[in-house]
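Here is start19.pdb, consisting of PDB, C-alpha atoms:
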ATOM      1  CA  ARG A   1     121.083   6.209  31.544
ATOM      2  CA  GLY A   2     117.469   6.544  30.538
ATOM      3  CA  ALA A   3     117.229   2.889  29.508
ATOM      4  CA  ARG A   4     114.416   0.778  30.918
ATOM      5  CA  GLU A   5     115.574  -1.130  33.966
ATOM      6  CA  GLU A   6     115.262  -4.899  33.660
ATOM      7  CA  ARG A   7     115.074  -7.266  36.589
ATOM      8  CA  HIS A   8     115.832 -10.971  36.465
ATOM      9  CA  LEU A   9     115.141 -13.400  39.281
ATOM     10  CA  PHE A  10     117.303 -16.476  39.808
ATOM     11  CA  THR A  11     117.310 -19.068  42.606
ATOM     12  CA  PHE A  12     120.399 -21.082  43.510
ATOM     13  CA  ASP A  13     121.473 -23.392  46.312
ATOM     14  CA  LYS A  14     124.016 -20.870  47.618
ATOM     15  CA  VAL A  15     125.320 -17.434  46.663
ATOM     16  CA  PHE A  16     128.777 -16.273  47.768
ATOM     17  CA  SER A  17     129.729 -12.621  47.996
ATOM     18  CA  PRO A  18     133.081 -11.295  46.691
ATOM     19  CA  SER A  19     134.325 -11.154  50.300
ATOM     20  CA  THR A  20     133.689 -14.853  51.036
ATOM     21  CA  ASN A  21     136.973 -16.608  51.774
ATOM     22  CA  GLN A  22     138.151 -19.864  50.219
ATOM     23  CA  SER A  23     137.712 -21.840  53.440
ATOM     24  CA  ALA A  24     134.028 -20.927  53.742
ATOM     25  CA  ILE A  25     133.386 -21.888  50.124
ATOM     26  CA  PHE A  26     135.025 -25.273  50.560
ATOM     27  CA  THR A  27     133.135 -25.967  53.780
ATOM     28  CA  GLU A  28     129.896 -25.623  51.816
ATOM     29  CA  ILE A  29     130.805 -28.460  49.416
ATOM     30  CA  SER A  30     133.095 -30.617  51.585
ATOM     31  CA  GLN A  31     130.493 -33.379  52.085
ATOM     32  CA  LEU A  32     130.126 -33.742  48.326
ATOM     33  CA  VAL A  33     133.898 -34.221  48.035
ATOM     34  CA  GLN A  34     133.677 -36.855  50.770
ATOM     35  CA  SER A  35     131.287 -38.871  48.584
ATOM     36  CA  ALA A  36     134.194 -39.841  46.308
ATOM     37  CA  LEU A  37     135.738 -41.682  49.263
ATOM     38  CA  ASP A  38     132.384 -43.444  49.721
ATOM     39  CA  GLY A  39     132.605 -44.849  46.188
ATOM     40  CA  TYR A  40     130.737 -42.305  44.060
ATOM     41  CA  ASN A  41     131.671 -40.542  40.845
ATOM     42  CA  VAL A  42     131.819 -36.885  41.842
ATOM     43  CA  CYS A  43     132.327 -33.881  39.583
ATOM     44  CA  ILE A  44     132.740 -30.222  40.498
ATOM     45  CA  PHE A  45     132.864 -27.600  37.729
ATOM     46  CA  ALA A  46     133.799 -23.934  37.716
ATOM     47  CA  TYR A  47     131.942 -22.125  34.914
ATOM     48  CA  GLY A  48     131.855 -18.472  33.862
ATOM     49  CA  GLN A  49     133.208 -15.826  31.526
ATOM     50  CA  THR A  50     136.935 -15.424  31.046
ATOM     51  CA  GLY A  51     138.556 -13.525  33.893
ATOM     52  CA  SER A  52     135.758 -14.183  36.406
ATOM     53  CA  GLY A  53     137.900 -16.159  38.862
ATOM     54  CA  LYS A  54     137.332 -19.812  37.947
ATOM     55  CA  THR A  55     140.979 -20.852  38.254
ATOM     56  CA  TYR A  56     141.287 -19.043  41.580
ATOM     57  CA  THR A  57     138.193 -20.903  42.809
ATOM     58  CA  MET A  58     139.527 -24.308  41.739
ATOM     59  CA  VAL A  59     143.306 -23.983  42.160
ATOM     60  CA  GLY A  60     143.696 -20.885  44.327
ATOM     61  CA  GLY A  61     146.653 -18.612  44.896
ATOM     62  CA  GLU A  62     149.791 -18.487  47.016
ATOM     63  CA  GLY A  63     149.452 -19.160  50.719
ATOM     64  CA  GLU A  64     147.279 -21.606  52.649
ATOM     65  CA  GLU A  65     144.355 -19.199  53.059
ATOM     66  CA  HIS A  66     144.120 -18.822  49.268
ATOM     67  CA  GLN A  67     144.075 -22.543  48.471
ATOM     68  CA  GLY A  68     141.279 -23.480  46.098
ATOM     69  CA  ILE A  69     138.875 -26.396  45.811
ATOM     70  CA  ILE A  70     141.423 -28.859  44.369
ATOM     71  CA  PRO A  71     144.117 -28.701  47.096
ATOM     72  CA  ARG A  72     141.492 -28.481  49.856
ATOM     73  CA  SER A  73     139.582 -31.478  48.460
ATOM     74  CA  LEU A  74     142.678 -33.624  48.298
ATOM     75  CA  ALA A  75     143.783 -32.623  51.805
ATOM     76  CA  GLN A  76     140.383 -33.659  53.174
ATOM     77  CA  ILE A  77     140.374 -36.974  51.329
ATOM     78  CA  PHE A  78     143.890 -37.855  52.490
ATOM     79  CA  GLN A  79     142.984 -36.957  56.068
ATOM     80  CA  HIS A  80     139.802 -39.049  56.107
ATOM     81  CA  ALA A  81     141.454 -41.970  54.307
ATOM     82  CA  LYS A  82     144.214 -42.057  56.936
ATOM     83  CA  LYS A  83     141.606 -42.080  59.695
ATOM     84  CA  LEU A  84     139.731 -44.962  58.050
ATOM     85  CA  GLU A  85     142.980 -46.893  57.654
ATOM     86  CA  GLN A  86     143.893 -46.451  61.329
ATOM     87  CA  GLU A  87     140.449 -46.984  62.870
ATOM     88  CA  MET A  88     138.481 -49.175  60.454
ATOM     89  CA  GLY A  89     141.069 -51.360  58.723
ATOM     90  CA  TRP A  90     140.703 -49.798  55.270
ATOM     91  CA  SER A  91     143.486 -49.659  52.692
ATOM     92  CA  PHE A  92     143.399 -47.093  49.865
ATOM     93  CA  ASP A  93     145.151 -46.718  46.537
ATOM     94  CA  MET A  94     144.855 -43.290  44.924
ATOM     95  CA  GLN A  95     146.045 -42.134  41.511
ATOM     96  CA  ALA A  96     145.870 -38.673  39.966
ATOM     97  CA  GLN A  97     145.525 -37.473  36.379
ATOM     98  CA  LEU A  98     145.640 -33.929  35.042
ATOM     99  CA  LEU A  99     144.231 -33.378  31.562
ATOM    100  CA  GLU A 100     143.257 -30.509  29.315
ATOM    101  CA  VAL A 101     140.727 -30.390  26.486
ATOM    102  CA  TYR A 102     142.174 -27.966  23.936
ATOM    103  CA  ASN A 103     140.549 -27.431  20.524
ATOM    104  CA  GLU A 104     138.645 -30.716  20.982
ATOM    105  CA  GLU A 105     141.831 -32.660  21.763
ATOM    106  CA  VAL A 106     142.449 -34.373  25.100
ATOM    107  CA  ARG A 107     146.015 -33.811  26.308
ATOM    108  CA  ASP A 108     148.018 -35.094  29.255
ATOM    109  CA  LEU A 109     149.382 -32.291  31.446
ATOM    110  CA  LEU A 110     151.687 -34.577  33.427
ATOM    111  CA  GLY A 111     153.586 -36.505  30.770
ATOM    112  CA  ALA A 112     153.077 -37.869  27.279
ATOM    113  CA  LYS A 113     153.717 -41.367  28.625
ATOM    114  CA  LYS A 114     153.452 -42.919  32.055
ATOM    115  CA  GLU A 115     157.200 -43.474  32.337
ATOM    116  CA  THR A 116     157.992 -39.763  31.887
ATOM    117  CA  VAL A 117     156.615 -38.901  35.343
ATOM    118  CA  ALA A 118     159.482 -39.091  37.835
ATOM    119  CA  ALA A 119     158.925 -40.752  41.200
ATOM    120  CA  ASP A 120     159.798 -37.479  42.965
ATOM    121  CA  PHE A 121     157.299 -35.524  40.778
ATOM    122  CA  SER A 122     160.114 -33.332  39.447
ATOM    123  CA  MET A 123     159.974 -31.541  36.095
ATOM    124  CA  THR A 124     162.085 -33.042  33.313
ATOM    125  CA  ALA A 125     163.846 -31.254  30.479
ATOM    126  CA  ASN A 126     161.228 -32.211  27.887
ATOM    127  CA  ALA A 127     158.233 -31.770  30.189
ATOM    128  CA  ASN A 128     157.245 -28.272  29.112
ATOM    129  CA  ALA A 129     154.268 -28.996  26.890
ATOM    130  CA  ALA A 130     151.169 -31.152  26.955
ATOM    131  CA  GLY A 131     151.348 -34.452  25.122
ATOM    132  CA  PRO A 132     149.534 -35.535  21.939
ATOM    133  CA  SER A 133     145.771 -35.959  21.658
ATOM    134  CA  LEU A 134     144.462 -38.965  23.591
ATOM    135  CA  SER A 135     141.529 -41.321  23.074
ATOM    136  CA  ILE A 136     138.679 -41.780  25.566
ATOM    137  CA  LYS A 137     137.225 -45.199  26.363
ATOM    138  CA  HIS A 138     134.495 -46.182  28.843
ATOM    139  CA  ASP A 139     133.944 -49.833  29.740
ATOM    140  CA  ALA A 140     130.818 -51.628  30.967
ATOM    141  CA  GLN A 141     131.986 -51.354  34.595
ATOM    142  CA  GLY A 142     132.117 -47.571  34.409
ATOM    143  CA  ASN A 143     135.891 -47.308  34.183
ATOM    144  CA  THR A 144     137.376 -44.601  31.962
ATOM    145  CA  THR A 145     140.705 -44.899  30.178
ATOM    146  CA  ILE A 146     142.376 -41.820  28.679
ATOM    147  CA  GLY A 147     144.889 -43.165  26.177
ATOM    148  CA  ASP A 148     148.297 -43.535  27.830
ATOM    149  CA  ALA A 149     147.843 -40.487  30.080
ATOM    150  CA  ALA A 150     149.937 -40.641  33.234
ATOM    151  CA  LEU A 151     148.331 -42.063  36.366
ATOM    152  CA  VAL A 152     150.430 -40.873  39.296
ATOM    153  CA  PRO A 153     150.133 -42.472  42.764
ATOM    154  CA  VAL A 154     149.477 -39.795  45.396
ATOM    155  CA  SER A 155     149.185 -39.917  49.170
ATOM    156  CA  ASP A 156     149.732 -36.391  50.476
ATOM    157  CA  SER A 157     149.078 -32.740  49.632
ATOM    158  CA  ALA A 158     152.711 -31.916  48.870
ATOM    159  CA  GLN A 159     152.700 -34.409  46.013
ATOM    160  CA  VAL A 160     149.464 -32.962  44.650
ATOM    161  CA  GLN A 161     150.842 -29.424  44.724
ATOM    162  CA  LYS A 162     153.835 -30.491  42.636
ATOM    163  CA  LEU A 163     151.478 -32.029  40.097
ATOM    164  CA  LEU A 164     149.368 -28.859  40.004
ATOM    165  CA  ASP A 165     152.507 -26.768  39.446
ATOM    166  CA  ARG A 166     153.563 -29.054  36.598
ATOM    167  CA  ALA A 167     150.121 -28.928  35.002
ATOM    168  CA  ASN A 168     149.848 -25.164  35.375
ATOM    169  CA  ALA A 169     153.145 -24.726  33.544
ATOM    170  CA  ARG A 170     151.864 -26.864  30.670
ATOM    171  CA  ARG A 171     148.277 -25.690  30.385
ATOM    172  CA  THR A 172     147.491 -23.663  27.259
ATOM    173  CA  THR A 173     147.054 -19.963  28.082
ATOM    174  CA  ALA A 174     147.233 -16.749  26.063
ATOM    175  CA  SER A 175     146.653 -13.038  26.408
ATOM    176  CA  THR A 176     143.298 -11.748  25.134
ATOM    177  CA  SER A 177     141.505  -8.412  25.252
ATOM    178  CA  MET A 178     139.433  -9.810  28.132
ATOM    179  CA  ASN A 179     142.207 -11.368  30.227
ATOM    180  CA  GLU A 180     145.990 -11.000  30.251
ATOM    181  CA  ARG A 181     146.450 -14.703  31.037
ATOM    182  CA  SER A 182     143.392 -16.475  29.733
ATOM    183  CA  SER A 183     143.028 -20.269  29.961
ATOM    184  CA  ARG A 184     142.438 -21.553  26.442
ATOM    185  CA  SER A 185     141.506 -25.076  27.503
ATOM    186  CA  HIS A 186     139.336 -26.959  29.970
ATOM    187  CA  CYS A 187     141.478 -28.452  32.758
ATOM    188  CA  ILE A 188     140.376 -31.676  34.483
ATOM    189  CA  PHE A 189     141.921 -33.039  37.684
ATOM    190  CA  ARG A 190     140.934 -36.691  38.186
ATOM    191  CA  LEU A 191     141.520 -38.649  41.390
ATOM    192  CA  ILE A 192     140.803 -42.375  41.112
ATOM    193  CA  ILE A 193     140.218 -43.920  44.540
ATOM    194  CA  LYS A 194     140.208 -47.672  45.243
ATOM    195  CA  GLY A 195     139.654 -48.985  48.750
ATOM    196  CA  LYS A 196     139.407 -52.318  50.558
ATOM    197  CA  GLN A 197     138.532 -53.047  54.154
ATOM    198  CA  MET A 198     140.994 -55.454  55.728
ATOM    199  CA  SER A 199     140.834 -57.537  58.904
ATOM    200  CA  ASP A 200     143.487 -57.486  61.628
ATOM    201  CA  ASP A 201     145.326 -60.421  60.042
ATOM    202  CA  GLY A 202     145.681 -58.565  56.734
ATOM    203  CA  THR A 203     143.017 -60.517  54.851
ATOM    204  CA  MET A 204     139.781 -59.143  53.471
ATOM    205  CA  GLY A 205     137.441 -58.245  56.328
ATOM    206  CA  ASP A 206     133.762 -58.159  55.434
ATOM    207  CA  GLY A 207     134.617 -58.082  51.728
ATOM    208  CA  ARG A 208     133.838 -54.396  51.277
ATOM    209  CA  GLU A 209     135.468 -52.623  48.349
ATOM    210  CA  ILE A 210     134.873 -49.165  46.928
ATOM    211  CA  LYS A 211     135.895 -47.296  43.813
ATOM    212  CA  GLY A 212     135.247 -43.595  43.479
ATOM    213  CA  VAL A 213     136.401 -40.902  41.086
ATOM    214  CA  LEU A 214     136.699 -37.233  41.906
ATOM    215  CA  ASN A 215     136.691 -34.925  38.874
ATOM    216  CA  LEU A 216     137.544 -31.265  39.499
ATOM    217  CA  VAL A 217     137.087 -29.167  36.367
ATOM    218  CA  ASP A 218     138.296 -25.638  35.635
ATOM    219  CA  LEU A 219     136.380 -24.786  32.468
ATOM    220  CA  ALA A 220     137.766 -22.339  29.932
ATOM    221  CA  GLY A 221     135.918 -19.025  29.967
ATOM    222  CA  SER A 222     132.875 -18.431  27.807
ATOM    223  CA  GLU A 223     133.443 -15.550  25.385
ATOM    224  CA  ARG A 224     131.535 -13.293  23.022
ATOM    225  CA  LEU A 225     133.676 -13.253  19.889
ATOM    226  CA  ALA A 226     132.647  -9.707  18.976
ATOM    227  CA  LYS A 227     133.779  -8.437  22.360
ATOM    228  CA  THR A 228     137.077 -10.320  22.543
ATOM    229  CA  GLN A 229     138.001  -9.326  18.953
ATOM    230  CA  ALA A 230     139.830 -12.651  18.689
ATOM    231  CA  LYS A 231     141.697 -13.489  15.496
ATOM    232  CA  GLY A 232     143.768 -16.379  14.191
ATOM    233  CA  ASP A 233     144.565 -19.003  16.840
ATOM    234  CA  ARG A 234     142.669 -17.098  19.540
ATOM    235  CA  LEU A 235     139.539 -17.105  17.346
ATOM    236  CA  LYS A 236     139.837 -20.846  16.709
ATOM    237  CA  GLU A 237     140.304 -21.481  20.433
ATOM    238  CA  ALA A 238     137.300 -19.335  21.343
ATOM    239  CA  GLN A 239     135.112 -21.147  18.817
ATOM    240  CA  HIS A 240     136.088 -24.543  20.252
ATOM    241  CA  ILE A 241     135.579 -23.308  23.830
ATOM    242  CA  ASN A 242     132.106 -21.970  23.069
ATOM    243  CA  LYS A 243     131.174 -25.087  21.114
ATOM    244  CA  SER A 244     132.134 -27.424  23.972
ATOM    245  CA  LEU A 245     130.351 -25.251  26.557
ATOM    246  CA  SER A 246     127.284 -25.285  24.315
ATOM    247  CA  ALA A 247     127.544 -29.091  24.140
ATOM    248  CA  LEU A 248     127.686 -29.207  27.942
ATOM    249  CA  GLY A 249     124.527 -27.103  28.015
ATOM    250  CA  ASP A 250     122.827 -29.475  25.551
ATOM    251  CA  VAL A 251     123.696 -32.481  27.706
ATOM    252  CA  ILE A 252     122.346 -30.761  30.799
ATOM    253  CA  SER A 253     119.156 -29.775  28.957
ATOM    254  CA  SER A 254     118.633 -33.372  27.805
ATOM    255  CA  ILE A 255     119.104 -34.694  31.331
ATOM    256  CA  ALA A 256     116.733 -32.051  32.701
ATOM    257  CA  SER A 257     114.127 -33.067  30.098
ATOM    258  CA  LYS A 258     114.349 -36.659  31.266
ATOM    259  CA  LYS A 259     113.801 -35.532  34.849
ATOM    260  CA  ALA A 260     110.784 -33.460  33.841
ATOM    261  CA  GLY A 261     109.257 -36.420  32.003
ATOM    262  CA  SER A 262     108.856 -34.528  28.739
ATOM    263  CA  LYS A 263     108.004 -36.180  25.443
ATOM    264  CA  LYS A 264     111.723 -36.171  24.727
ATOM    265  CA  ALA A 265     112.450 -38.060  27.930
ATOM    266  CA  ASP A 266     113.713 -41.086  26.033
ATOM    267  CA  ALA A 267     115.841 -39.015  23.668
ATOM    268  CA  HIS A 268     119.540 -39.667  23.353
ATOM    269  CA  VAL A 269     121.755 -37.531  25.604
ATOM    270  CA  PRO A 270     124.447 -36.108  23.262
ATOM    271  CA  TYR A 271     127.533 -36.867  25.328
ATOM    272  CA  ARG A 272     129.629 -37.518  22.207
ATOM    273  CA  ASN A 273     129.123 -34.030  20.763
ATOM    274  CA  SER A 274     132.173 -32.842  22.705
ATOM    275  CA  LYS A 275     135.326 -34.452  24.099
ATOM    276  CA  LEU A 276     134.596 -32.666  27.372
ATOM    277  CA  THR A 277     131.125 -34.168  27.865
ATOM    278  CA  TYR A 278     132.194 -37.604  26.620
ATOM    279  CA  LEU A 279     135.146 -37.654  29.012
ATOM    280  CA  LEU A 280     132.880 -36.709  31.920
ATOM    281  CA  GLN A 281     129.903 -38.892  30.918
ATOM    282  CA  PRO A 282     130.209 -41.250  33.937
ATOM    283  CA  CYS A 283     129.893 -38.322  36.359
ATOM    284  CA  LEU A 284     126.988 -36.721  34.496
ATOM    285  CA  SER A 285     124.799 -39.826  34.589
ATOM    286  CA  GLY A 286     123.620 -42.644  36.829
ATOM    287  CA  ASP A 287     124.332 -42.285  40.550
ATOM    288  CA  ALA A 288     127.014 -39.638  40.045
ATOM    289  CA  LYS A 289     127.050 -36.441  42.109
ATOM    290  CA  THR A 290     127.731 -33.173  40.305
ATOM    291  CA  LEU A 291     128.017 -29.548  41.390
ATOM    292  CA  MET A 292     128.766 -26.397  39.423
ATOM    293  CA  PHE A 293     130.231 -23.135  40.633
ATOM    294  CA  VAL A 294     129.213 -20.246  38.388
ATOM    295  CA  ASN A 295     131.639 -17.333  38.602
ATOM    296  CA  VAL A 296     130.378 -13.895  37.586
ATOM    297  CA  SER A 297     132.187 -10.590  37.283
ATOM    298  CA  PRO A 298     130.994  -7.620  39.389
ATOM    299  CA  SER A 299     131.809  -5.254  36.509
ATOM    300  CA  ALA A 300     128.855  -3.473  34.876
ATOM    301  CA  ALA A 301     130.638  -3.880  31.543
ATOM    302  CA  SER A 302     130.217  -7.650  31.931
ATOM    303  CA  SER A 303     126.458  -7.545  32.627
ATOM    304  CA  HIS A 304     125.567  -9.385  29.411
ATOM    305  CA  GLU A 305     128.020 -12.210  30.148
ATOM    306  CA  THR A 306     126.820 -12.320  33.755
ATOM    307  CA  LEU A 307     123.201 -12.720  32.650
ATOM    308  CA  CYS A 308     124.164 -15.510  30.243
ATOM    309  CA  SER A 309     126.108 -17.286  32.993
ATOM    310  CA  LEU A 310     123.203 -17.017  35.445
ATOM    311  CA  ARG A 311     120.774 -18.393  32.864
ATOM    312  CA  PHE A 312     123.118 -21.309  32.251
ATOM    313  CA  ALA A 313     123.399 -21.863  36.006
ATOM    314  CA  SER A 314     119.616 -21.846  36.327
ATOM    315  CA  LYS A 315     119.428 -24.569  33.687
ATOM    316  CA  VAL A 316     122.021 -26.630  35.580
ATOM    317  CA  ASN A 317     120.046 -26.204  38.806
ATOM    318  CA  GLN A 318     117.054 -27.949  37.227
ATOM    319  CA  CYS A 319     119.128 -30.991  36.326
ATOM    320  CA  GLU A 320     119.229 -34.308  38.158
ATOM    321  CA  THR A 321     121.568 -37.081  36.990
ATOM    322  CA  ARG A 322     119.477 -40.016  38.194
TER     323      ARG A 322
END
Produce structure tokens that represent the structure in this file.
Amino acid sequence: RGAREERHLFTFDKVFSPSTNQSAIFTEISQLVQSALDGYNVCIFAYGQTGSGKTYTMVGGEGEEHQGIIPRSLAQIFQHAKKLEQEMGWSFDMQAQLLEVYNEEVRDLLGAKKETVAADFSMTANANAAGPSLSIKHDAQGNTTIGDAALVPVSDSAQVQKLLDRANARRTTASTSMNERSSRSHCIFRLIIKGKQMSDDGTMGDGREIKGVLNLVDLAGSERLAKTQAKGDRLKEAQHINKSLSALGDVISSIASKKAGSKKADAHVPYRNSKLTYLLQPCLSGDAKTLMFVNVSPSAASSHETLCSLRFASKVNQCETR
């Protein structure tokens, strides 16, 4: 009361109100998801302060109407792939990975080794924690290998839901002063899609092949350390979270500078400053297609965090990967 009112103007591609349902949100980005089936690297992020609804946006809640971006994306891809197989002679092979980046370590949320993932997607007795830290390698063809992280063949939504349940049970969470069940890691769902168009006799038709990757990322929440009053492990986690989000911002700023043709246009983009940005490098560069949801809290007590998130979103909106 009595303080000078400040106004800030931001422009975004779309703004959703708190009453917007999950179906309407997905409809807005469904064509971008479809691009993965056309052979593109596609990445969709959810960014924002802890407790702002990122996991609900990406994963959703119980019941079909509350399904988030991940289950809806996979349902659409499976549906369109089946149609292409029946009507156009395509054949698809799809594999899923679920990873977390925790304290600058990449961990497998499905199994420490490929052979630990059962064919029926069931949990095993020793499958209650993420595996050891994994290496990241990109080859000249744009393929990414994440150590020996499990690659699980998937073909329907029921299989995907079992994988999401497994990953959710393993993902690192903890109670903080900002959120009773706060995600302490970045979670990445990767769907690797390979397709070939076949002729009626089962041989290659016109020789068309595609390879696309869909990356769906639930980022850990940005935090002000003074406000969260984090200590010990929670403090270390918060520092790593903020550092990796800052690195993501640096990468986006570098890409935006290249687009603007600044004097730094030829500068190196610092993908390697964080495991998160290095892992996602192929979908932050070249012909990749990237979108970011920015979740903000309606609480007046979160106004500072909201302003920071909107400024970050504005920076992202200026970025073009080409």
Pull the closest atom pair for each residue of stretch 238-290 of chain A that gets at most 12 Å from stretch 302-309 of chain A, along with the distance in Å to one decimal, counting only C-alpha atoms, ordering rows by chain and then ascending residue number, as a tab-separated table.
residue	atom	partner	partner_atom	distance
A:Leu245	CA	A:Ser309	CA	11.1
A:Ser246	CA	A:Cys308	CA	11.9
A:Gly249	CA	A:Ser309	CA	11.1
The selected residues should be written to file as a compact mmCIF listing (two decimals), in the frame of the given file (atoms: C-alpha atoms).
# COMPACT_ATOMS: atom_id res chain seq x y z
CA LEU A 245 130.35 -25.25 26.56
CA SER A 246 127.28 -25.28 24.32
CA GLY A 249 124.53 -27.10 28.02
Evaluating the PyMOL selection byres ((chain A and resi 36-52) around 6) on the displayed file yields which residues, as a ChimeraX atom specification? /A:33-35,53-54,179,210-219,221-222,283,288-297,309
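Distances here use all atoms listed in the file; by that measure, the residue among A:Leu235, A:Leu191, A:Val316, A:Leu110 closest to A:Phe12 is A:Val316.
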For A:Thr277, the nearest of the candidates A:His138, A:Ser244, A:Met198, A:Asn168, counting all atoms listed in the file: A:Ser244
Near A:Ser30, counting only C-alpha atoms, which residues have an atom at most 9 Å away, once you skip same-chain residues fewer than 5 positions from it, shown as a ChimeraX atom specification? /A:25,35,72-73,76
Which residue, A:Ser253, A:Gln159, A:Gln197, A:Asn273, has the smallest gap to A:Glu85 when you use all atoms listed in the file? A:Gln197
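Atom CA of A:Ser314 is found 21.2 Å from atom CA of A:Glu5.
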Which residue, A:Val15, A:Ile192, A:Asp93, A:Glu62, has the smallest gap to A:Ala81 when you use only C-alpha atoms?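 When distances to A:Ala81 are compared using only C-alpha atoms, the smallest one comes from A:Asp93.
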Is it possible to produce a file of stretch 244-255 of chain A from this structure, with N, CA, C and O atoms, as an mmCIF file, in the first residue's frame?
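And here is the file that came out, part33.cif:
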data_model
loop_
_atom_site.group_PDB
_atom_site.id
_atom_site.type_symbol
_atom_site.label_atom_id
_atom_site.label_comp_id
_atom_site.auth_asym_id
_atom_site.auth_seq_id
_atom_site.Cartn_x
_atom_site.Cartn_y
_atom_site.Cartn_z
ATOM 1 N N SER A 244 21.629 -24.505 -13.801
ATOM 2 C CA SER A 244 21.285 -25.092 -15.097
ATOM 3 C C SER A 244 20.240 -24.243 -15.824
ATOM 4 O O SER A 244 20.279 -24.109 -17.050
ATOM 5 N N LEU A 245 19.307 -23.646 -15.076
ATOM 6 C CA LEU A 245 18.330 -22.754 -15.709
ATOM 7 C C LEU A 245 19.012 -21.495 -16.240
ATOM 8 O O LEU A 245 18.645 -20.975 -17.296
ATOM 9 N N SER A 246 20.014 -21.019 -15.504
ATOM 10 C CA SER A 246 20.796 -19.876 -15.971
ATOM 11 C C SER A 246 21.552 -20.238 -17.248
ATOM 12 O O SER A 246 21.640 -19.434 -18.186
ATOM 13 N N ALA A 247 22.093 -21.464 -17.292
ATOM 14 C CA ALA A 247 22.806 -21.923 -18.491
ATOM 15 C C ALA A 247 21.858 -22.014 -19.679
ATOM 16 O O ALA A 247 22.228 -21.675 -20.809
ATOM 17 N N LEU A 248 20.622 -22.449 -19.435
ATOM 18 C CA LEU A 248 19.621 -22.488 -20.498
ATOM 19 C C LEU A 248 19.348 -21.076 -21.012
ATOM 20 O O LEU A 248 19.251 -20.849 -22.221
ATOM 21 N N GLY A 249 19.264 -20.120 -20.085
ATOM 22 C CA GLY A 249 19.073 -18.731 -20.478
ATOM 23 C C GLY A 249 20.234 -18.198 -21.295
ATOM 24 O O GLY A 249 20.042 -17.454 -22.271
ATOM 25 N N ASP A 250 21.468 -18.589 -20.928
ATOM 26 C CA ASP A 250 22.654 -18.149 -21.672
ATOM 27 C C ASP A 250 22.648 -18.703 -23.096
ATOM 28 O O ASP A 250 23.019 -18.006 -24.053
ATOM 29 N N VAL A 251 22.252 -19.961 -23.231
ATOM 30 C CA VAL A 251 22.182 -20.576 -24.558
ATOM 31 C C VAL A 251 21.155 -19.849 -25.418
ATOM 32 O O VAL A 251 21.412 -19.516 -26.583
ATOM 33 N N ILE A 252 19.999 -19.578 -24.829
ATOM 34 C CA ILE A 252 18.944 -18.883 -25.562
ATOM 35 C C ILE A 252 19.388 -17.477 -25.952
ATOM 36 O O ILE A 252 19.147 -17.017 -27.075
ATOM 37 N N SER A 253 20.078 -16.786 -25.053
ATOM 38 C CA SER A 253 20.583 -15.447 -25.357
ATOM 39 C C SER A 253 21.587 -15.480 -26.506
ATOM 40 O O SER A 253 21.581 -14.618 -27.390
ATOM 41 N N SER A 254 22.457 -16.484 -26.511
ATOM 42 C CA SER A 254 23.456 -16.613 -27.576
ATOM 43 C C SER A 254 22.796 -16.867 -28.916
ATOM 44 O O SER A 254 23.183 -16.298 -29.946
ATOM 45 N N ILE A 255 21.766 -17.729 -28.911
ATOM 46 C CA ILE A 255 21.051 -18.018 -30.153
ATOM 47 C C ILE A 255 20.312 -16.774 -30.641
ATOM 48 O O ILE A 255 20.301 -16.458 -31.836
#
